[in-house]
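Containing CSV, C-alpha atoms and all ligand atoms: my_file.csv.
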chain,number,residue,atom,x,y,z
A,1,MET,CA,12.2,-11.9,-28.1
A,2,THR,CA,10.4,-15.0,-26.5
A,3,GLU,CA,6.8,-14.7,-25.6
A,4,ALA,CA,7.5,-14.9,-21.9
A,5,ALA,CA,10.1,-12.1,-22.1
A,6,ASP,CA,7.7,-10.1,-24.2
A,7,SER,CA,4.9,-10.4,-21.5
A,8,MET,CA,7.4,-9.1,-19.0
A,9,ALA,CA,8.2,-6.0,-21.1
A,10,PRO,CA,6.7,-2.8,-19.7
A,11,ALA,CA,3.5,-1.6,-21.4
A,12,ILE,CA,4.9,2.0,-21.5
A,13,ALA,CA,8.5,2.9,-21.0
A,14,PHE,CA,9.4,6.5,-20.6
A,15,ARG,CA,13.2,7.0,-21.2
A,16,THR,CA,14.6,10.4,-20.4
A,17,VAL,CA,11.7,12.2,-21.9
A,18,SER,CA,12.2,16.0,-22.1
A,19,LYS,CA,9.8,18.5,-23.6
A,20,SER,CA,9.8,22.3,-24.0
A,21,TYR,CA,7.2,24.7,-25.3
A,22,GLY,CA,9.5,27.2,-27.0
A,23,GLN,CA,12.1,28.3,-24.4
A,24,HIS,CA,10.0,26.9,-21.6
A,25,GLN,CA,11.1,23.4,-20.6
A,26,VAL,CA,8.2,21.5,-19.0
A,27,LEU,CA,9.5,17.9,-18.7
A,28,PHE,CA,13.0,17.0,-17.6
A,29,ASP,CA,14.4,13.5,-18.3
A,30,VAL,CA,11.4,11.6,-17.2
A,31,SER,CA,12.1,7.9,-16.9
A,32,ALA,CA,9.6,5.2,-15.7
A,33,GLU,CA,8.7,1.7,-16.7
A,34,ILE,CA,4.9,1.1,-16.4
A,35,PRO,CA,4.2,-2.6,-16.0
A,36,ARG,CA,1.5,-4.2,-18.1
A,37,GLY,CA,-1.9,-4.0,-16.4
A,38,ALA,CA,-0.8,-1.3,-13.9
A,39,THR,CA,-3.1,1.5,-12.9
A,40,VAL,CA,-0.9,4.5,-12.4
A,41,ALA,CA,-2.1,7.6,-10.5
A,42,VAL,CA,-0.3,10.6,-12.0
A,43,LEU,CA,-0.1,13.2,-9.3
A,44,GLY,CA,1.4,16.6,-8.9
A,45,SER,CA,0.5,20.3,-8.5
A,46,SER,CA,-0.9,22.4,-11.3
A,47,GLY,CA,1.6,23.0,-14.1
A,48,SER,CA,3.9,20.1,-13.0
A,49,GLY,CA,3.6,18.5,-16.5
A,50,LYS,CA,1.0,15.7,-15.9
A,51,SER,CA,-1.2,16.4,-18.9
A,52,THR,CA,1.8,17.0,-21.1
A,53,LEU,CA,3.4,13.7,-20.2
A,54,VAL,CA,0.2,11.7,-20.7
A,55,ARG,CA,-0.5,13.4,-24.0
A,56,CYS,CA,2.9,12.4,-25.3
A,57,VAL,CA,1.9,8.7,-25.0
A,58,ASN,CA,-0.7,9.0,-27.7
A,59,ARG,CA,1.2,11.5,-29.8
A,60,LEU,CA,-1.1,14.4,-29.1
A,61,GLU,CA,2.2,16.1,-28.1
A,62,ASP,CA,5.7,15.6,-29.6
A,63,PHE,CA,8.7,16.0,-27.4
A,64,GLN,CA,12.4,17.0,-27.9
A,65,GLY,CA,14.4,14.5,-26.0
A,66,GLY,CA,14.4,10.8,-25.0
A,67,GLU,CA,11.8,8.2,-26.2
A,68,ILE,CA,8.7,6.4,-25.2
A,69,GLY,CA,8.2,2.7,-25.9
A,70,VAL,CA,4.6,1.6,-26.1
A,71,GLY,CA,4.3,-2.0,-26.9
A,72,ASP,CA,6.3,-2.5,-30.1
A,73,VAL,CA,6.0,1.2,-31.1
A,74,ARG,CA,8.8,3.6,-30.3
A,75,LEU,CA,8.0,7.3,-30.1
A,76,ALA,CA,10.9,9.6,-30.5
A,77,PRO,CA,11.2,13.3,-31.3
A,78,GLY,CA,9.4,13.9,-34.5
A,79,VAL,CA,9.0,10.2,-35.4
A,80,ALA,CA,7.2,7.1,-34.4
A,81,THR,CA,8.6,3.7,-35.5
A,82,ARG,CA,7.7,0.0,-35.3
A,83,GLY,CA,10.8,-2.0,-35.8
A,84,ALA,CA,12.7,-0.4,-38.6
A,85,ARG,CA,9.6,1.2,-40.1
A,86,LYS,CA,8.5,4.7,-39.7
A,87,LEU,CA,4.8,5.1,-39.1
A,88,ASN,CA,2.8,7.4,-41.4
A,89,ASP,CA,-0.1,9.5,-40.3
A,90,ARG,CA,-2.6,6.8,-40.9
A,91,GLN,CA,-0.6,4.3,-39.0
A,92,VAL,CA,-0.2,6.7,-36.1
A,93,ALA,CA,-4.0,7.1,-36.1
A,94,LYS,CA,-4.3,3.4,-36.0
A,95,TYR,CA,-1.8,3.2,-33.1
A,96,ARG,CA,-4.0,5.7,-31.3
A,97,THR,CA,-7.0,3.4,-31.5
A,98,ASP,CA,-5.3,1.1,-29.0
A,99,ILE,CA,-5.1,3.9,-26.5
A,100,GLY,CA,-8.3,5.3,-25.1
A,101,MET,CA,-8.1,8.9,-23.9
A,102,VAL,CA,-10.6,10.7,-21.6
A,103,PHE,CA,-10.2,14.4,-21.0
A,104,GLN,CA,-11.3,16.8,-18.3
A,105,SER,CA,-13.5,18.6,-20.8
A,106,PHE,CA,-15.2,15.4,-22.3
A,107,ASN,CA,-14.3,16.4,-25.9
A,108,LEU,CA,-17.4,14.8,-27.4
A,109,PHE,CA,-18.3,15.8,-31.0
A,110,GLN,CA,-21.2,18.2,-30.3
A,111,HIS,CA,-22.7,17.9,-33.7
A,112,LEU,CA,-23.1,14.1,-33.5
A,113,THR,CA,-25.5,12.0,-31.5
A,114,VAL,CA,-24.2,9.9,-28.7
A,115,LEU,CA,-24.3,6.8,-30.9
A,116,LYS,CA,-22.5,8.5,-33.7
A,117,ASN,CA,-19.8,9.7,-31.3
A,118,LEU,CA,-19.2,6.1,-30.3
A,119,ILE,CA,-19.1,4.5,-33.7
A,120,GLU,CA,-17.2,7.2,-35.6
A,121,ALA,CA,-13.6,6.0,-35.0
A,122,PRO,CA,-14.2,2.2,-35.2
A,123,VAL,CA,-16.0,2.6,-38.5
A,124,GLY,CA,-13.9,5.4,-39.9
A,125,VAL,CA,-10.4,4.3,-38.8
A,126,LEU,CA,-10.6,0.6,-38.2
A,127,GLY,CA,-13.2,-0.1,-40.9
A,128,TRP,CA,-15.6,-2.0,-38.6
A,129,SER,CA,-19.1,-2.6,-40.1
A,130,LYS,CA,-21.7,-0.3,-38.8
A,131,GLU,CA,-23.7,-3.2,-37.3
A,132,LYS,CA,-20.7,-4.4,-35.3
A,133,ALA,CA,-20.0,-0.9,-34.0
A,134,VAL,CA,-23.6,-0.2,-33.1
A,135,ALA,CA,-23.9,-3.4,-31.2
A,136,ARG,CA,-20.7,-2.7,-29.3
A,137,ALA,CA,-21.9,0.9,-28.6
A,138,ARG,CA,-25.2,-0.3,-27.2
A,139,ASP,CA,-23.5,-2.7,-25.0
A,140,LEU,CA,-21.2,0.0,-23.6
A,141,LEU,CA,-24.0,2.5,-23.2
A,142,ALA,CA,-25.8,0.0,-21.1
A,143,LYS,CA,-22.7,-0.6,-19.0
A,144,VAL,CA,-22.2,3.1,-18.3
A,145,GLY,CA,-25.9,3.3,-17.3
A,146,LEU,CA,-27.1,5.4,-20.3
A,147,PRO,CA,-28.9,2.9,-22.6
A,148,ASP,CA,-31.6,5.4,-23.4
A,149,LYS,CA,-29.3,8.2,-24.6
A,150,GLU,CA,-28.1,7.0,-28.0
A,151,GLU,CA,-30.0,9.6,-30.0
A,152,ALA,CA,-29.2,12.5,-27.6
A,153,TYR,CA,-26.8,15.2,-28.5
A,154,PRO,CA,-24.0,15.9,-25.9
A,155,SER,CA,-25.3,19.4,-25.1
A,156,ARG,CA,-28.5,17.9,-23.7
A,157,LEU,CA,-26.6,15.7,-21.2
A,158,SER,CA,-25.2,16.5,-17.8
A,159,GLY,CA,-21.4,16.7,-17.3
A,160,GLY,CA,-21.4,13.4,-15.6
A,161,GLN,CA,-23.4,11.8,-18.4
A,162,GLN,CA,-21.1,13.3,-21.0
A,163,GLN,CA,-18.1,12.0,-19.2
A,164,ARG,CA,-19.6,8.5,-19.0
A,165,ILE,CA,-20.3,8.7,-22.8
A,166,ALA,CA,-16.7,9.8,-23.3
A,167,ILE,CA,-15.5,6.8,-21.3
A,168,ALA,CA,-17.7,4.5,-23.4
A,169,ARG,CA,-16.3,6.0,-26.6
A,170,ALA,CA,-12.7,5.5,-25.4
A,171,LEU,CA,-13.5,1.8,-24.7
A,172,MET,CA,-15.1,1.1,-28.0
A,173,MET,CA,-12.0,-0.4,-29.6
A,174,GLU,CA,-11.0,-2.3,-26.4
A,175,PRO,CA,-7.8,-0.3,-26.1
A,176,SER,CA,-5.0,-2.0,-24.1
A,177,ILE,CA,-4.0,1.4,-22.6
A,178,MET,CA,-6.3,4.0,-21.1
A,179,LEU,CA,-5.3,7.6,-20.4
A,180,PHE,CA,-7.4,9.8,-18.2
A,181,ASP,CA,-6.6,13.4,-17.7
A,182,GLU,CA,-8.6,14.7,-14.6
A,183,PRO,CA,-11.8,12.9,-15.7
A,184,THR,CA,-13.8,14.5,-12.9
A,185,SER,CA,-12.3,17.9,-12.3
A,186,ALA,CA,-14.9,19.7,-14.4
A,187,LEU,CA,-17.8,18.0,-12.5
A,188,ASP,CA,-19.9,18.9,-9.5
A,189,PRO,CA,-19.0,16.8,-6.5
A,190,GLU,CA,-22.2,14.8,-6.7
A,191,LEU,CA,-21.5,13.7,-10.3
A,192,THR,CA,-17.9,12.8,-9.5
A,193,GLY,CA,-18.8,9.6,-7.8
A,194,GLU,CA,-20.8,8.2,-10.6
A,195,VAL,CA,-18.0,8.8,-13.1
A,196,LEU,CA,-15.3,7.4,-10.9
A,197,SER,CA,-17.3,4.3,-10.3
A,198,VAL,CA,-17.6,3.8,-14.1
A,199,VAL,CA,-13.9,4.3,-14.4
A,200,LYS,CA,-13.2,1.7,-11.7
A,201,GLU,CA,-15.8,-0.9,-12.8
A,202,LEU,CA,-15.3,-0.7,-16.5
A,203,ALA,CA,-12.2,1.0,-17.6
A,204,LEU,CA,-9.4,-0.3,-15.5
A,205,GLY,CA,-9.6,-4.1,-15.4
A,206,GLY,CA,-7.0,-5.9,-17.4
A,207,ARG,CA,-5.5,-2.9,-19.1
A,208,THR,CA,-2.7,-0.4,-18.4
A,209,SER,CA,-4.0,3.0,-17.3
A,210,LEU,CA,-2.5,6.3,-16.5
A,211,ILE,CA,-4.9,8.5,-14.5
A,212,VAL,CA,-4.1,12.1,-13.8
A,213,THR,CA,-6.2,13.0,-10.8
A,214,HIS,CA,-6.4,15.3,-7.8
A,215,GLU,CA,-8.8,12.8,-6.1
A,216,LEU,CA,-6.4,11.2,-3.6
A,217,THR,CA,-9.0,8.9,-2.1
A,218,PHE,CA,-9.8,7.5,-5.5
A,219,ALA,CA,-6.1,7.2,-6.3
A,220,ARG,CA,-5.5,5.2,-3.0
A,221,ASP,CA,-8.5,3.0,-3.9
A,222,VAL,CA,-7.5,2.1,-7.5
A,223,ALA,CA,-3.8,2.8,-8.1
A,224,SER,CA,-1.3,0.0,-8.3
A,225,HIS,CA,1.5,2.6,-8.9
A,226,VAL,CA,2.0,6.2,-8.2
A,227,MET,CA,3.9,8.8,-10.2
A,228,VAL,CA,4.5,12.3,-8.8
A,229,LEU,CA,5.7,15.1,-11.0
A,230,ASP,CA,7.1,18.4,-9.6
A,231,HIS,CA,8.0,21.2,-12.0
A,232,GLY,CA,8.5,18.7,-14.8
A,233,ARG,CA,10.6,16.2,-12.9
A,234,LEU,CA,9.6,12.8,-11.7
A,235,VAL,CA,10.1,12.9,-8.0
A,236,GLU,CA,8.4,9.6,-7.1
A,237,PHE,CA,7.5,6.5,-8.9
A,238,GLY,CA,6.7,3.1,-7.5
A,239,PRO,CA,4.1,0.8,-6.0
A,240,ALA,CA,1.1,2.7,-4.6
A,241,LYS,CA,1.0,0.9,-1.2
A,242,GLU,CA,4.6,1.8,-0.4
A,243,ILE,CA,4.3,5.4,-1.6
A,244,PHE,CA,1.1,6.2,0.2
A,245,ARG,CA,2.5,4.7,3.4
A,246,ALA,CA,6.0,6.2,3.2
A,247,PRO,CA,6.7,8.6,0.3
A,248,ARG,CA,10.4,8.8,-0.5
A,249,SER,CA,10.4,12.5,-1.5
A,250,GLU,CA,9.7,15.4,0.7
A,251,ARG,CA,7.7,16.9,-2.2
A,252,THR,CA,5.3,13.9,-2.3
A,253,ARG,CA,4.8,14.0,1.5
A,254,ARG,CA,3.8,17.7,1.3
A,255,PHE,CA,1.6,17.0,-1.6
A,256,PHE,CA,-0.3,14.3,0.3
A,257,GLU,CA,-0.5,16.5,3.4
A,258,SER,CA,-2.2,19.2,1.3
A,259,GLY,CA,-4.8,16.6,0.2
A,260,GLY,CA,-3.6,16.8,-3.4
A,261,LEU,CA,-5.0,20.3,-3.8
A,262,ARG,CA,-3.8,22.4,-6.6
A,301,LIG,N1,0.2,24.3,-25.4
A,301,LIG,C1,1.1,24.9,-24.5
A,301,LIG,N2,1.9,25.9,-24.9
A,301,LIG,C2,2.8,26.5,-24.0
A,301,LIG,N3,2.9,26.0,-22.7
A,301,LIG,C3,2.2,25.0,-22.3
A,301,LIG,C4,1.2,24.4,-23.2
A,301,LIG,N4,0.6,23.4,-22.5
A,301,LIG,C5,1.1,23.4,-21.3
A,301,LIG,N5,2.1,24.4,-21.2
A,301,LIG,C6,2.9,24.6,-20.0
A,301,LIG,O1,3.5,23.4,-19.6
A,301,LIG,C7,3.6,23.3,-18.2
A,301,LIG,C8,3.0,21.9,-17.8
A,301,LIG,O2,1.6,22.0,-18.2
A,301,LIG,P1,0.6,20.8,-18.0
A,301,LIG,O3,-0.7,21.2,-18.6
A,301,LIG,O4,1.2,19.5,-18.5
A,301,LIG,O5,0.5,20.7,-16.4
A,301,LIG,P2,-0.5,19.9,-15.4
A,301,LIG,O6,0.4,19.2,-14.4
A,301,LIG,O7,-1.3,19.0,-16.3
A,301,LIG,O8,-1.3,21.0,-14.7
A,301,LIG,P3,-2.9,21.0,-14.3
A,301,LIG,O9,-2.9,20.3,-13.0
A,301,LIG,O10,-3.2,22.5,-14.1
A,301,LIG,O11,-3.7,20.5,-15.4
A,301,LIG,C9,2.9,24.5,-17.6
A,301,LIG,O12,3.9,25.4,-17.2
A,301,LIG,C10,2.1,25.0,-18.8
A,301,LIG,O13,1.9,26.4,-18.7
A,302,MG,MG,-3.4,19.0,-16.7

How would this structure read if it were set down as structure tokens?
Ligand SMILES: Nc1ncnc2c1ncn2[C@@H]1O[C@H](COP(=O)(O)OP(=O)(O)OP(=O)(O)O)[C@@H](O)[C@H]1O
Ligand SMILES: [Mg+2]
Amino acid sequence: MTEAADSMAPAIAFRTVSKSYGQHQVLFDVSAEIPRGATVAVLGSSGSGKSTLVRCVNRLEDFQGGEIGVGDVRLAPGVATRGARKLNDRQVAKYRTDIGMVFQSFNLFQHLTVLKNLIEAPVGVLGWSKEKAVARARDLLAKVGLPDKEEAYPSRLSGGQQQRIAIARALMMEPSIMLFDEPTSALDPELTGEVLSVVKELALGGRTSLIVTHELTFARDVASHVMVLDHGRLVEFGPAKEIFRAPRSERTRRFFESGGLR
């Protein structure tokens, strides 16, 4: 493939992705091509499959049908490949370092200080020197407004602070893709703003992001694209401006009218 053609290739291509938990099918033939650099708001009511879809991208979940292309990696049921080669566990771990993930529940290592939370993967998985990792961590802690917390343990921090640390940790290896799964839904309303502004200022620019959120105002503000799931089916996908102005599906229209509430 030529370089020009390659830069046109989608960052993430979902191709008829289906997933079940036991007998319970939760994703049905989801297909969507996410352009490079897009910020995609992933919307839908509770249980519609948003978290599951996003978790399939970094292989936290396997799936039973279809495939997901992420750059030059192809994820298929039970296997990840690059070209003709199957990725082993270590290569999958490395693949994950190019994808930052921020969860609703922060998911920091509680037994490690903030600084150690940040440097653990770059040093352990990518083999960065400790000096390089610490320098980058300090830079990011300053950028998320928490330069004085490097020796703190997560349990001593507010939810908003923990989430800003989690965002800094996800950005350590300058991932080309960021996945956010309801990054503010566990926070008090007054802490939500500070986290969303860190997401907007720091995490989105120049990379491809999928953001599961119920914050429709935020989605309108930052999203270039919108994806709406309903009972595991993709009912809407396209440019945010068009969809917010005139959703194609009745389901999306009702979802917007409800204010994105669960
Ligand atoms: N580990 C699991 N085992 C069995 N079923 C699961 C599991 N995780 C999710 N499900 C089911 O899959 C469906 C989709 O769940 P998912 O968490 O992806 O929804 P969601 O859109 O993220 O919802 P919410 O907005 O509440 O987070 C739901 O019916 C859920 O009960
Ligand atoms: Mg969810």

Taking only residues of chain A that have an atom at most 12 Å from an atom of ligand MG 302 (chain A), what is each one's shortest atom pair and its distance in Å to one decimal, using all atoms listed in the file, in chain and number order, as CSV?
residue,atom,partner,partner_atom,distance
A:Val42,CA,A:MG302,MG,10.1
A:Leu43,CA,A:MG302,MG,10.0
A:Gly44,CA,A:MG302,MG,9.5
A:Ser45,CA,A:MG302,MG,9.2
A:Ser46,CA,A:MG302,MG,6.9
A:Gly47,CA,A:MG302,MG,6.9
A:Ser48,CA,A:MG302,MG,8.3
A:Gly49,CA,A:MG302,MG,7.0
A:Lys50,CA,A:MG302,MG,5.6
A:Ser51,CA,A:MG302,MG,4.1
A:Thr52,CA,A:MG302,MG,7.1
A:Leu53,CA,A:MG302,MG,9.3
A:Val54,CA,A:MG302,MG,9.1
A:Arg55,CA,A:MG302,MG,9.6
A:Phe103,CA,A:MG302,MG,9.3
A:Gln104,CA,A:MG302,MG,8.4
A:Ser105,CA,A:MG302,MG,10.9
A:Phe180,CA,A:MG302,MG,10.1
A:Asp181,CA,A:MG302,MG,6.5
A:Glu182,CA,A:MG302,MG,7.1
A:Pro183,CA,A:MG302,MG,10.4
A:Thr184,CA,A:MG302,MG,12.0
A:Ser185,CA,A:MG302,MG,10.0
A:Ala186,CA,A:MG302,MG,11.7
A:Ile211,CA,A:MG302,MG,10.8
A:Val212,CA,A:MG302,MG,7.5
A:Thr213,CA,A:MG302,MG,8.9
A:His214,CA,A:MG302,MG,10.1
A:Leu229,CA,A:MG302,MG,11.4
A:Arg262,CA,A:MG302,MG,10.7

Could you check which residues have any atom within 7 Å of (12.3, 6.0, -26.9), counting only C-alpha atoms with coordinates taken straight from the file, and then list them as a PDB file with C-alpha atoms, in the frame of the given file?
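Final file, out_25.pdb:
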ATOM      1  CA  PHE A  14       9.400   6.500 -20.600  1.00  0.00           C
ATOM      2  CA  ARG A  15      13.200   7.000 -21.200  1.00  0.00           C
ATOM      3  CA  GLY A  66      14.400  10.800 -25.000  1.00  0.00           C
ATOM      4  CA  GLU A  67      11.800   8.200 -26.200  1.00  0.00           C
ATOM      5  CA  ILE A  68       8.700   6.400 -25.200  1.00  0.00           C
ATOM      6  CA  GLY A  69       8.200   2.700 -25.900  1.00  0.00           C
ATOM      7  CA  ARG A  74       8.800   3.600 -30.300  1.00  0.00           C
ATOM      8  CA  LEU A  75       8.000   7.300 -30.100  1.00  0.00           C
ATOM      9  CA  ALA A  76      10.900   9.600 -30.500  1.00  0.00           C
TER      10      ALA A  76
END

- Task: Have a look at A:His111, A:Thr208, A:Glu257, A:Asp230 and name the one nearest to Pro175 (chain A); count only C-alpha atoms.
- Result: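 Nearest to Pro175 (chain A): A:Thr208.
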
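Between Glu131 (chain A) and the residues A:Leu115, A:Ile34, A:Leu146, A:Ala168, the shortest atom-to-atom distance, using only C-alpha atoms, involves A:Leu115.
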
- Message: Need to verify the contact set: Gly205 (chain A), 12 Å, only C-alpha atoms, exclusion of same-chain residues closer than 5 positions in sequence. Can you return it as number ranges by chain?
- Response: A: 36-39, 171, 174-178, 198-200, 222-224

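As for CA of Ala135 (chain A) and CA of Leu179 (chain A), they are spaced 24.2 Å apart.
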